[in-house]
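Novice: Before I ask anything, here is the structure I am working with.
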Amino acid sequence: MEGPVRGERSADGSPRIHGAARSRTTNVAASRLPVHYGWVVVGTGTLSIFACLGFGRFALGMLLPSMASSLSLSYSQLGWIGTGNFVGYLAAVLVCGALAARLGPRLLIFAALLLVAASMWLMSSAGGFTSLLLLYAATGVGSGAANVPVQGLVARWFDASVRGRAAGFVSIGSGFAIIVSGRLIPFINRREGSGGWRTSWMVLSLAVAAIAVLALLLFRNRPEEKGLRPYGSDAAPAAAAPAAAPAHPRFHARGSVWLLGFIYAIFGYTYAIYVTFIVTALVRERGLTESAAGTFWSTVGLLSLLSGPVFGGLSDRLGRRAGLMLVFSFQLAAYVLAGAHLPGAFLWLSVGLFGLVAWSVPTIMVAAVADLVGVDRALPAFGFITFFFGVGQIAGPAVAGVLAERTGTFSSSFFMAAALAGVAIAASAFLKRASAPA
């Protein structure tokens with residue numbers, strides 16, 4: 001029987017385990033869990049998205065009104081602050097494939113979340129537009145460098161038959177963060193007054209730092225590290241992890257990947273307009289209090305908890321093409337209702353429709369890319385299409401902010417988003433069956 005070599009010990013003083021003995025040890029440890037360890041990865045991924053996107057990006061919508069009042073920021077400056085975050089996100093996407101190959105996704109996610117936490121803490125003492133812009137761009141770098149490897153881990157830990165559903169559960173982290181921020185930030189502002197937004201950034205920073213530590217403790221880069229195969233797979237586990245995928249693979253089904261990138265760019269452009277400005281529009285144009293607007297925003301978060309699992313699961317059954325067309329149809333209606341000056345019930349319908357599908361597109365994109373290029377190339381391939389997503393995010397808030405500055409209303413920006421959602425529906429119809437589940 002193979003066992004530890006006599007007298008040989010590891011750095012912590014314990015006997016060093018070799019070969020088959022190590023494999024048996026990890027298999028025994030994994031078998032003691034009541035669920036497949038892939039679901040631990042999903043749960044940790046949910047918390048990571050809660051931190052890097054939920055707090056790192058979507059909390060901004062609740063903070064903008066008080067920041068604008070305290071620092072006398074214009075509509076266009078608010079738009080550029082949001083765009084600065086997306087510029088940082090895009091910069092991270094360009095290099096995170098290479099960084100993940102060098103460091104491994106687990107360490108990269110940990111470092112990225114620490115960057116998000118540090119930049120948030122510094123934002124609490126920002127004195128004006130320039131410092132906010134630069135610091136929030138740094139938050140974007142951390143958000144992108146955490147989000148892409150988290151999605152890549154899901155592709156590694158789950159078979160194509162359940163990949164959409166698993167990615168959907170990860171995406172609900174953003175929804176939970178919206179619920180929390182929609183309640184927490186108005187509460188802090190009521191207690192702290194005009195400087196409450198500074199306290200909010202500090203509280204969010206501490207939460208992100210705690211999640212960074214959990215991510216380091218719980219993530220594993222591959223199922224083989226636990227002696228497991230991907231959840232839902234009938235294949236035997238590999239004896240050792242294969243070599244890391246190159247940062248820029250030569251993608252199969254190249255045309256479909258580029259088309260996915262185009263569709264993802266439209267999503268980035270349109271959803272960024274909505275999440276950045278819907279609360280500001282409700283407060284400044286519809287006369288809602290910050291607390292009432294927070295209720296609308298929390299409703300988006302509550303409904304979005306279903307968006308990833310439900311529509312990711314539907315894409316597993318119906319195909320990625322049908323899933324994307326359905327999601328963009330919901331978003332088109334939400335944008336039209338946000339732009340039209342209709343009674344309050346239609347605002348509820350707008351946030352309801354948007355919330356129901358809020359994180360569905362990233363969920364479906366993770367699954368579609370892995371279907372096309374395989375799990376080993378999914379992380380860099382997802383980074384590739386996320387580049388287009390990042391470009392859309394950069395342009396959306398900046399254009400919408402300038403447009404609102406000139407027209408005095410965000411209605412035209414929401415109508416622009418609706419028109420582009422229609423383009424995305426048409427483009428999704430051209431996706432080949434190769435982007436449906438394998």
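In the structure tokens, chains take letters A, B, ... by order of appearance, with residues numbered from 1 within each chain and ligands from 1 in the order shown.
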Could you give me the residues within segment 123-306 of chain A that DSSP places in helix (DSSP H, G or I), as a ChimeraX atom specification?

Specialist: /A:123,129-157,160-218,223-226,254-284,290-304

Novice: When you look at His341 of chain A with a cut-off of 10 Å (counting only C-alpha atoms), what residues show up, excluding the ones that are within fewer than 4 positions of it in the same chain? I need them as a short mmCIF file (atom, residue, chain, number, x, y, z; two decimals) with C-alpha atoms, in the first residue's frame.

Specialist:
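Heads up, here's the output in around.cif:
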data_model
loop_
_atom_site.label_atom_id
_atom_site.label_comp_id
_atom_site.auth_asym_id
_atom_site.auth_seq_id
_atom_site.Cartn_x
_atom_site.Cartn_y
_atom_site.Cartn_z
CA GLU A 285 -37.85 63.54 -12.31
CA ARG A 286 -40.68 61.66 -10.60
CA VAL A 336 -39.96 51.68 -22.77
CA LEU A 337 -42.00 51.84 -19.56
CA PHE A 346 -46.15 51.33 -14.95
CA LEU A 347 -42.94 52.16 -13.09
CA SER A 411 -36.54 59.42 -21.01
#

Novice: Grab the atom CA of Thr199 of chain A to atom CA of Val300 of chain A distance for me, in Å with one decimal place.

Specialist: 23.7 Å

Novice: With a distance cut-off of 7 Å and only C-alpha atoms, select the neighbouring residues of Asp316 of chain A, excluding the residue or stretch itself and same-chain residues fewer than 4 positions from it, and output the selection as a PyMOL selection string.

Specialist: chain A and resi 161-162+164+312+437

Novice: Would you mind exporting the chosen residues as a short mmCIF file (atom, residue, chain, number, x, y, z; two decimals), in the first residue's frame, restricted to C-alpha atoms?

Specialist:
data_model
loop_
_atom_site.label_atom_id
_atom_site.label_comp_id
_atom_site.auth_asym_id
_atom_site.auth_seq_id
_atom_site.Cartn_x
_atom_site.Cartn_y
_atom_site.Cartn_z
CA SER A 161 -26.50 19.94 -19.05
CA VAL A 162 -26.70 21.96 -15.81
CA GLY A 164 -26.84 27.43 -17.15
CA GLY A 312 -30.37 29.90 -17.18
CA PRO A 437 -26.48 22.91 -24.97
#

Novice: Find the residues around segment 396-399 of chain A up to 12 Å (only C-alpha atoms counted), leave out those fewer than 4 positions away in its own chain, and share them as an MDAnalysis selection string.

Specialist: chainID A and resid 61 75:87 265:278 389:392 403:406 410 412:414 416:417 420

Novice: Quick one: everything within 10 Å of segment 191-195 of chain A, counting only C-alpha atoms, minus sequence neighbours fewer than 3 positions away in the same chain. Send it as a VMD selection string.

Specialist: chain A and resid 66 to 67 69 to 71 124 185 to 188 198 to 200

Novice: Let's have the selection written as a short mmCIF file (atom, residue, chain, number, x, y, z; two decimals), in the first residue's frame, with N, CA and C atoms.

Specialist:
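Just written: selection.cif:
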data_model
loop_
_atom_site.label_atom_id
_atom_site.label_comp_id
_atom_site.auth_asym_id
_atom_site.auth_seq_id
_atom_site.Cartn_x
_atom_site.Cartn_y
_atom_site.Cartn_z
N SER A 66 -27.33 61.19 -3.18
CA SER A 66 -26.72 61.90 -2.04
C SER A 66 -25.32 62.38 -2.37
N MET A 67 -24.55 61.62 -3.15
CA MET A 67 -23.23 62.08 -3.57
C MET A 67 -23.34 63.33 -4.44
N SER A 69 -25.74 65.58 -4.43
CA SER A 69 -26.13 66.73 -3.62
C SER A 69 -24.98 67.23 -2.77
N SER A 70 -24.24 66.31 -2.16
CA SER A 70 -23.16 66.69 -1.27
C SER A 70 -22.00 67.36 -2.00
N LEU A 71 -21.69 66.87 -3.20
CA LEU A 71 -20.51 67.36 -3.94
C LEU A 71 -20.87 68.20 -5.15
N SER A 124 -14.75 56.77 0.46
CA SER A 124 -15.48 57.38 1.56
C SER A 124 -14.90 58.74 1.95
N ILE A 185 -28.53 51.66 2.59
CA ILE A 185 -28.01 53.00 2.30
C ILE A 185 -28.99 54.11 2.73
N PRO A 186 -30.30 54.02 2.42
CA PRO A 186 -31.21 55.04 2.97
C PRO A 186 -31.21 55.08 4.50
N PHE A 187 -31.08 53.91 5.14
CA PHE A 187 -31.03 53.87 6.61
C PHE A 187 -29.81 54.63 7.13
N ILE A 188 -28.65 54.38 6.52
CA ILE A 188 -27.43 55.09 6.94
C ILE A 188 -27.55 56.58 6.67
N ARG A 198 -20.65 58.58 2.74
CA ARG A 198 -19.26 58.22 3.11
C ARG A 198 -19.26 57.01 4.05
N THR A 199 -20.14 57.02 5.02
CA THR A 199 -20.25 55.87 5.92
C THR A 199 -20.67 54.61 5.15
N SER A 200 -21.55 54.79 4.18
CA SER A 200 -22.01 53.65 3.37
C SER A 200 -20.85 52.99 2.65
#

Novice: Give me, as a list in words, all polymer residues having an atom no more than 8 Å from Gly38 of chain A, counting only C-alpha atoms and skipping those fewer than 2 positions away in the same chain.

Specialist: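 Listing them by chain and then by number gives His36, Val40, Val41, Val42, Val154, Trp157, Phe158, Pro223, Pro230 and Tyr231 of chain A.
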
Novice: Deliver the residues from the most recent selection as a file, using C-alpha atoms, as a PDB file, in the first residue's frame.

Specialist:
ATOM      1  CA  HIS A  36     -21.094  17.964  -4.498  1.00  0.00           C
ATOM      2  CA  VAL A  40     -19.785  25.059  -2.472  1.00  0.00           C
ATOM      3  CA  VAL A  41     -18.051  26.774  -5.392  1.00  0.00           C
ATOM      4  CA  VAL A  42     -21.438  28.140  -6.520  1.00  0.00           C
ATOM      5  CA  VAL A 154     -18.611  27.544 -12.822  1.00  0.00           C
ATOM      6  CA  TRP A 157     -17.226  22.551 -12.059  1.00  0.00           C
ATOM      7  CA  PHE A 158     -20.473  21.832 -13.952  1.00  0.00           C
ATOM      8  CA  PRO A 223     -12.783  19.455  -9.492  1.00  0.00           C
ATOM      9  CA  PRO A 230     -17.768  18.097 -12.822  1.00  0.00           C
ATOM     10  CA  TYR A 231     -21.269  17.926 -11.416  1.00  0.00           C
TER      11      TYR A 231
END

Novice: Sorted by chain and rising residue number, list the residues of segment 129-218 of chain A at most 12 Å from segment 112-117 of chain A (counting only C-alpha atoms), each with its closest atom pair and distance in Å to one decimal, as a Markdown table.

Specialist:
| residue | atom | partner | partner_atom | distance |
| --- | --- | --- | --- | --- |
| A:Leu135 | CA | A:Val116 | CA | 9.5 |
| A:Tyr136 | CA | A:Val116 | CA | 8.9 |
| A:Ala137 | CA | A:Val116 | CA | 9.9 |
| A:Ala138 | CA | A:Val116 | CA | 7.2 |
| A:Thr139 | CA | A:Val116 | CA | 4.7 |
| A:Gly140 | CA | A:Val116 | CA | 7.6 |
| A:Val141 | CA | A:Ala112 | CA | 7.6 |
| A:Gly142 | CA | A:Ala112 | CA | 4.4 |
| A:Ser143 | CA | A:Val116 | CA | 6.6 |
| A:Gly144 | CA | A:Ala112 | CA | 8.1 |
| A:Ala145 | CA | A:Ala112 | CA | 5.6 |
| A:Ala146 | CA | A:Ala112 | CA | 5.4 |
| A:Asn147 | CA | A:Ala112 | CA | 9.0 |
| A:Val148 | CA | A:Ala112 | CA | 10.7 |
| A:Pro149 | CA | A:Ala112 | CA | 10.3 |
| A:Val150 | CA | A:Ala112 | CA | 11.1 |
| A:Trp201 | CA | A:Ala117 | CA | 9.2 |
| A:Met202 | CA | A:Ala117 | CA | 8.7 |
| A:Val203 | CA | A:Ala117 | CA | 9.8 |
| A:Leu204 | CA | A:Ala117 | CA | 7.7 |
| A:Ser205 | CA | A:Ala117 | CA | 4.4 |
| A:Leu206 | CA | A:Ala117 | CA | 6.7 |
| A:Ala207 | CA | A:Ala117 | CA | 8.0 |
| A:Val208 | CA | A:Ala117 | CA | 5.4 |
| A:Ala209 | CA | A:Ala117 | CA | 5.5 |
| A:Ala210 | CA | A:Leu114 | CA | 9.1 |
| A:Ile211 | CA | A:Leu113 | CA | 7.8 |
| A:Ala212 | CA | A:Leu113 | CA | 5.4 |
| A:Val213 | CA | A:Leu114 | CA | 8.8 |
| A:Leu214 | CA | A:Leu113 | CA | 10.6 |
| A:Ala215 | CA | A:Leu113 | CA | 8.9 |
| A:Leu216 | CA | A:Leu113 | CA | 10.1 |

Novice: Please determine, counting only C-alpha atoms, which residue among A:Phe169, A:Phe387, A:Trp258, A:Phe330 has the shortest atom-to-atom distance to Ala427 of chain A.

Specialist: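 Checking each candidate against Ala427 of chain A, we get A:Trp258 as the closest.
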
Novice: One number please: atom CA of Ala167 of chain A to atom CA of Leu217 of chain A, in Å, one decimal.

Specialist: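 Atom CA of Leu217 of chain A lies at a distance of 20.6 Å from atom CA of Ala167 of chain A.
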
Novice: To one decimal place in Å, what is the distance between atom CA of Ser174 of chain A and atom CA of Ser125 of chain A?

Specialist: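 If I compute the distance from atom CA of Ser174 of chain A to atom CA of Ser125 of chain A, I get 25.2 Å.
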
Novice: Of the candidates A:Ile178, A:Leu94, A:Ala155, A:Leu282, which one gets nearest to Gly56 of chain A if we count only C-alpha atoms?

Specialist: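 Of the candidates, the smallest distance to Gly56 of chain A is held by A:Ile178.
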